[in-house]
file structure-v2.txt (compact mmCIF, C-alpha atoms)
# COMPACT_ATOMS: atom_id res chain seq x y z
CA MET A 1 14.97 19.43 -7.54
CA ALA A 2 16.10 21.59 -10.44
CA ALA A 3 18.34 23.64 -8.14
CA ILE A 4 19.96 20.49 -6.74
CA GLN A 5 20.60 19.15 -10.23
CA GLY A 6 21.88 22.48 -11.56
CA LEU A 7 24.16 23.20 -8.59
CA SER A 8 25.52 19.65 -8.63
CA GLN A 9 26.75 20.17 -12.19
CA ARG A 10 28.72 23.35 -11.44
CA PRO A 11 32.51 22.90 -11.37
CA ASP A 12 32.80 25.07 -8.22
CA VAL A 13 30.27 22.98 -6.22
CA ASP A 14 30.80 19.56 -4.69
CA GLY A 15 27.49 17.95 -5.58
CA SER A 16 28.17 15.11 -3.15
CA ARG A 17 28.06 17.50 -0.16
CA LEU A 18 24.95 19.67 -0.39
CA GLY A 19 22.88 21.25 2.36
CA LEU A 20 19.28 22.41 2.05
CA ALA A 21 17.66 25.06 4.24
CA GLY A 22 14.01 26.06 4.32
CA TRP A 23 11.84 28.34 6.42
CA SER A 24 8.10 27.63 6.71
CA HIS A 25 6.93 26.73 3.19
CA GLY A 26 10.55 26.19 2.17
CA GLY A 27 10.84 23.56 4.88
CA TRP A 28 7.60 22.03 3.65
CA ALA A 29 9.01 21.86 0.09
CA ILE A 30 12.19 20.15 1.30
CA MET A 31 10.19 17.62 3.29
CA GLU A 32 7.96 16.91 0.27
CA ALA A 33 11.03 16.39 -1.93
CA LEU A 34 12.60 14.02 0.59
CA SER A 35 9.41 11.98 0.99
CA ALA A 36 7.91 11.97 -2.52
CA PRO A 37 7.68 8.50 -4.09
CA ARG A 38 9.02 9.92 -7.39
CA GLU A 39 7.46 7.08 -9.40
CA MET A 40 5.11 8.74 -11.92
CA ALA A 41 5.94 11.18 -14.70
CA GLY A 42 4.89 14.66 -13.66
CA GLU A 43 5.33 14.02 -9.94
CA MET A 44 7.14 16.92 -8.28
CA LEU A 45 6.70 18.58 -11.72
CA LEU A 46 9.48 16.36 -13.11
CA ARG A 47 9.37 14.50 -16.43
CA ASP A 48 11.38 11.65 -14.93
CA PRO A 49 11.09 11.86 -11.13
CA ALA A 50 12.74 8.44 -10.67
CA ALA A 51 15.97 9.97 -11.98
CA ALA A 52 15.95 12.70 -9.31
CA ASP A 53 19.08 12.14 -7.24
CA LEU A 54 19.15 13.37 -3.66
CA SER A 55 22.17 11.31 -2.59
CA GLY A 56 24.36 14.43 -2.52
CA VAL A 57 22.13 16.09 0.08
CA LYS A 58 24.01 15.52 3.34
CA ALA A 59 22.32 18.08 5.62
CA VAL A 60 18.96 19.79 6.05
CA PHE A 61 17.90 22.77 8.16
CA LEU A 62 14.17 23.31 8.73
CA ALA A 63 12.96 26.46 10.48
CA TYR A 64 9.35 26.12 11.68
CA PRO A 65 8.46 24.00 8.64
CA TYR A 66 4.82 24.09 7.58
CA VAL A 67 3.32 20.73 8.60
CA GLY A 68 -0.40 21.57 8.50
CA VAL A 69 -3.22 19.86 6.63
CA ALA A 70 -2.14 21.09 3.19
CA ALA A 71 1.20 19.31 3.62
CA THR A 72 -0.16 16.06 2.22
CA GLY A 73 3.14 14.18 2.63
CA ARG A 74 3.67 15.18 6.25
CA PHE A 75 3.25 11.62 7.52
CA ARG A 76 5.15 9.96 4.66
CA PRO A 77 8.58 8.59 5.58
CA TRP A 78 11.49 10.30 3.86
CA ARG A 79 13.18 8.28 1.12
CA HIS A 80 16.47 10.05 1.85
CA CYS A 81 17.44 10.92 5.43
CA PRO A 82 20.31 13.40 5.69
CA LYS A 83 21.49 14.87 8.98
CA THR A 84 18.69 17.28 9.94
CA LEU A 85 18.13 20.11 12.38
CA ALA A 86 14.52 21.26 12.82
CA VAL A 87 13.52 24.38 14.74
CA ILE A 88 9.98 24.20 16.12
CA ALA A 89 8.22 27.34 17.34
CA ALA A 90 6.37 26.67 20.60
CA ARG A 91 3.71 29.31 19.83
CA ASP A 92 3.29 28.56 16.12
CA HIS A 93 -0.26 29.42 14.98
CA LEU A 94 -0.03 26.94 12.08
CA THR A 95 0.76 23.82 14.09
CA THR A 96 1.28 22.52 17.57
CA VAL A 97 4.58 21.29 18.95
CA ARG A 98 2.99 17.85 19.28
CA ASN A 99 2.01 17.76 15.59
CA ALA A 100 5.45 18.96 14.46
CA GLU A 101 7.08 16.30 16.65
CA ARG A 102 4.80 13.58 15.20
CA VAL A 103 5.68 14.60 11.66
CA LEU A 104 9.41 14.52 12.45
CA ASP A 105 9.03 11.15 14.21
CA VAL A 106 7.70 9.61 10.98
CA ALA A 107 10.22 11.32 8.71
CA CYS A 108 13.30 9.18 9.17
CA GLY A 109 12.33 6.42 11.55
CA HIS A 110 15.75 5.06 12.52
CA VAL A 111 17.62 8.33 11.89
CA GLU A 112 17.28 10.87 14.69
CA ILE A 113 16.37 14.40 13.67
CA GLU A 114 17.86 17.01 15.99
CA ARG A 115 15.13 19.36 17.21
CA TRP A 116 15.20 22.71 18.90
CA THR A 117 11.95 24.02 20.33
CA VAL A 118 12.10 27.77 20.78
CA ASP A 119 9.72 29.98 22.74
CA GLY A 120 8.52 31.96 19.75
CA THR A 121 5.84 32.25 17.11
CA HIS A 122 5.91 31.17 13.50
CA ALA A 123 8.41 33.44 11.71
CA PHE A 124 9.84 34.72 15.01
CA ASP A 125 12.99 35.69 13.09
CA GLU A 126 11.10 37.87 10.57
CA PRO A 127 11.40 41.57 11.49
CA THR A 128 7.95 42.52 10.19
CA GLY A 129 6.03 40.59 12.87
CA ALA A 130 2.74 40.52 10.92
CA GLY A 131 -0.48 39.11 12.39
CA PRO A 132 0.02 36.41 15.03
CA MET A 133 3.74 36.29 14.22
CA ARG A 134 5.94 38.24 16.62
CA HIS A 135 9.55 39.12 15.90
CA ASP A 136 11.92 38.06 18.62
CA GLN A 137 15.41 39.44 18.00
CA ALA A 138 16.90 37.46 20.89
call {"tool": "encode", "arguments": {"input": "structure-v2.txt", "output": "structure tokens"}}
result
Amino acid sequence: MAAIQGLSQRPDVDGSRLGLAGWSHGGWAIMEALSAPREMAGEMLLRDPAAADLSGVKAVFLAYPYVGVAATGRFRPWRHCPKTLAVIAARDHLTTVRNAERVLDVACGHVEIERWTVDGTHAFDEPTGAGPMRHDQA
């Protein structure tokens, strides 16, 4: 939220045409920001969350966003629904395709979220390929 506000105030940035991109936990953070009620002081670590303006966010890219049990807002509808592309990993060890699809179904209701399901693991684009995650250059 601070980055959106700060970037929007720069003279070399059009704050009415922003895009957000997040991989894994970054995708989770974006989804939380889009769905948070923003009604109580301290929510989203903001003094005045009601003043948080997401209207300039026109596009979102989510790469295998974390949508597991710790993502408490995963079934909350988004309050702001920009054009969104979500990449779901078919062999993600943190969620199933069905769960990811259910979370995205709730997100924007009437606004369709474009989805790509890829035959890869969580973090398939990360060269290290640690643990159950396998790098897939293709």
call {"tool": "residues_around", "arguments": {"input": "structure-v2.txt", "residues": "Ala138 of chain A", "least_positions_apart": "6", "cutoff": "12 Å", "atoms": "all atoms listed in the file", "output": "list in words"}}
result
Val118, Asp119, Gly120, Phe124, Asp125, Glu126 and Pro127 of chain A
call {"tool": "residues_near_point", "arguments": {"input": "structure-v2.txt", "point": "(8.3, 23.8, 2.7)", "cutoff": "10 Å", "atoms": "all atoms listed in the file", "output": "ChimeraX atom specification"}}
result
/A:21-33,62-67,71
call {"tool": "write_last_selection", "arguments": {"input": "structure-v2.txt", "atoms": "C-alpha atoms", "output": "short mmCIF file (atom, residue, chain, number, x, y, z; two decimals), in the frame of the given file"}}
result
data_model
loop_
_atom_site.label_atom_id
_atom_site.label_comp_id
_atom_site.auth_asym_id
_atom_site.auth_seq_id
_atom_site.Cartn_x
_atom_site.Cartn_y
_atom_site.Cartn_z
CA ALA A 21 17.66 25.06 4.24
CA GLY A 22 14.01 26.06 4.32
CA TRP A 23 11.84 28.34 6.42
CA SER A 24 8.10 27.63 6.71
CA HIS A 25 6.93 26.73 3.19
CA GLY A 26 10.55 26.19 2.17
CA GLY A 27 10.84 23.56 4.88
CA TRP A 28 7.60 22.03 3.65
CA ALA A 29 9.01 21.86 0.09
CA ILE A 30 12.19 20.15 1.30
CA MET A 31 10.19 17.62 3.29
CA GLU A 32 7.96 16.91 0.27
CA ALA A 33 11.03 16.39 -1.93
CA LEU A 62 14.17 23.31 8.73
CA ALA A 63 12.96 26.46 10.48
CA TYR A 64 9.35 26.12 11.68
CA PRO A 65 8.46 24.00 8.64
CA TYR A 66 4.82 24.09 7.58
CA VAL A 67 3.32 20.73 8.60
CA ALA A 71 1.20 19.31 3.62
#
call {"tool": "residues_around", "arguments": {"input": "structure-v2.txt", "residues": "segment 40-54 of chain A", "least_positions_apart": "3", "cutoff": "9 Å", "atoms": "all atoms listed in the file", "output": "list in words"}}
result
Met1, Ala2, Ile4, Gln5, Glu32, Ala33, Leu34, Ala36, Pro37, Val57, Lys58 and His80 of chain A
call {"tool": "write_last_selection", "arguments": {"input": "structure-v2.txt", "atoms": "C-alpha atoms", "output": "mmCIF file, keeping the file's coordinate frame"}}
result
data_model
loop_
_atom_site.group_PDB
_atom_site.id
_atom_site.type_symbol
_atom_site.label_atom_id
_atom_site.label_comp_id
_atom_site.auth_asym_id
_atom_site.auth_seq_id
_atom_site.Cartn_x
_atom_site.Cartn_y
_atom_site.Cartn_z
ATOM 1 C CA MET A 1 14.970 19.430 -7.540
ATOM 2 C CA ALA A 2 16.100 21.590 -10.440
ATOM 3 C CA ILE A 4 19.960 20.490 -6.740
ATOM 4 C CA GLN A 5 20.600 19.150 -10.230
ATOM 5 C CA GLU A 32 7.960 16.910 0.270
ATOM 6 C CA ALA A 33 11.030 16.390 -1.930
ATOM 7 C CA LEU A 34 12.600 14.020 0.590
ATOM 8 C CA ALA A 36 7.910 11.970 -2.520
ATOM 9 C CA PRO A 37 7.680 8.500 -4.090
ATOM 10 C CA VAL A 57 22.130 16.090 0.080
ATOM 11 C CA LYS A 58 24.010 15.520 3.340
ATOM 12 C CA HIS A 80 16.470 10.050 1.850
#
call {"tool": "atom_distance", "arguments": {"input": "structure-v2.txt", "atom1": "atom CA of Glu101 of chain A", "atom2": "atom CA of His135 of chain A"}}
result
23.0 Å
call {"tool": "residues_around", "arguments": {"input": "structure-v2.txt", "residues": "Leu7 of chain A", "least_positions_apart": "5", "cutoff": "12 Å", "atoms": "all atoms listed in the file", "output": "list of chain:residue names"}}
result
A:Met1, A:Ala2, A:Asp12, A:Val13, A:Asp14, A:Gly15, A:Ser16, A:Arg17, A:Leu18, A:Gly19, A:Leu20, A:Gly56, A:Val57
call {"tool": "atom_distance", "arguments": {"input": "structure-v2.txt", "atom1": "atom CA of Arg38 of chain A", "atom2": "atom CA of Val111 of chain A"}}
result
21.2 Å
call {"tool": "atom_distance", "arguments": {"input": "structure-v2.txt", "atom1": "atom CA of Arg134 of chain A", "atom2": "atom CA of Leu94 of chain A"}}
result
13.6 Å
call {"tool": "residues_near_point", "arguments": {"input": "structure-v2.txt", "point": "(9.2, 10.7, 5.2)", "cutoff": "7 Å", "atoms": "only C-alpha atoms", "output": "list in words"}}
result
Leu34, Ser35, Phe75, Arg76, Pro77, Trp78, Arg79, Val106, Ala107 and Cys108 of chain A
call {"tool": "residues_around", "arguments": {"input": "structure-v2.txt", "residues": "Thr121 of chain A", "least_positions_apart": "2", "cutoff": "7 Å", "atoms": "all atoms listed in the file", "output": "number ranges by chain"}}
result
A: 89-92, 123-124, 133-134
call {"tool": "residues_around", "arguments": {"input": "structure-v2.txt", "residues": "Thr84 of chain A", "least_positions_apart": "2", "cutoff": "7 Å", "atoms": "only C-alpha atoms", "output": "ChimeraX atom specification"}}
result
/A:59-61,82,86,113-114
call {"tool": "decode", "arguments": {"input": "structure-v2.txt", "residues": "segment 13-31 of chain A", "atoms": "N, CA and C atoms", "output": "compact mmCIF listing (two decimals), in the first residue's frame"}}
result
# COMPACT_ATOMS: atom_id res chain seq x y z
N VAL A 13 5.40 8.92 -13.01
CA VAL A 13 4.53 7.74 -12.96
C VAL A 13 3.08 8.20 -13.09
N ASP A 14 2.34 7.52 -13.94
CA ASP A 14 0.90 7.78 -14.05
C ASP A 14 0.20 6.90 -13.02
N GLY A 15 -0.14 7.48 -11.90
CA GLY A 15 -0.75 6.75 -10.79
C GLY A 15 -2.13 6.21 -11.10
N SER A 16 -2.69 6.59 -12.23
CA SER A 16 -4.01 6.08 -12.61
C SER A 16 -3.90 4.83 -13.48
N ARG A 17 -2.65 4.37 -13.74
CA ARG A 17 -2.44 3.21 -14.60
C ARG A 17 -1.33 2.32 -14.04
N LEU A 18 -1.58 1.73 -12.88
CA LEU A 18 -0.57 0.90 -12.23
C LEU A 18 -0.85 -0.58 -12.44
N GLY A 19 0.20 -1.36 -12.45
CA GLY A 19 0.10 -2.82 -12.48
C GLY A 19 0.86 -3.40 -11.30
N LEU A 20 0.31 -4.43 -10.71
CA LEU A 20 0.97 -5.12 -9.60
C LEU A 20 1.29 -6.54 -10.04
N ALA A 21 2.45 -7.04 -9.62
CA ALA A 21 2.84 -8.41 -9.94
C ALA A 21 3.39 -9.05 -8.67
N GLY A 22 2.97 -10.30 -8.43
CA GLY A 22 3.45 -11.00 -7.25
C GLY A 22 3.58 -12.48 -7.49
N TRP A 23 4.68 -13.03 -7.00
CA TRP A 23 4.95 -14.47 -7.08
C TRP A 23 4.78 -15.04 -5.68
N SER A 24 4.05 -16.13 -5.55
CA SER A 24 3.85 -16.85 -4.31
C SER A 24 3.34 -15.92 -3.20
N HIS A 25 4.16 -15.63 -2.21
CA HIS A 25 3.73 -14.77 -1.11
C HIS A 25 3.43 -13.34 -1.60
N GLY A 26 4.09 -12.92 -2.65
CA GLY A 26 3.79 -11.61 -3.23
C GLY A 26 2.38 -11.58 -3.80
N GLY A 27 1.98 -12.68 -4.45
CA GLY A 27 0.61 -12.79 -4.94
C GLY A 27 -0.39 -12.79 -3.81
N TRP A 28 -0.03 -13.49 -2.74
CA TRP A 28 -0.86 -13.53 -1.53
C TRP A 28 -1.05 -12.11 -1.00
N ALA A 29 0.03 -11.34 -0.90
CA ALA A 29 -0.04 -9.98 -0.37
C ALA A 29 -0.94 -9.10 -1.24
N ILE A 30 -0.83 -9.25 -2.55
CA ILE A 30 -1.69 -8.46 -3.45
C ILE A 30 -3.15 -8.84 -3.24
N MET A 31 -3.43 -10.13 -3.15
CA MET A 31 -4.80 -10.57 -2.95
C MET A 31 -5.35 -10.09 -1.60
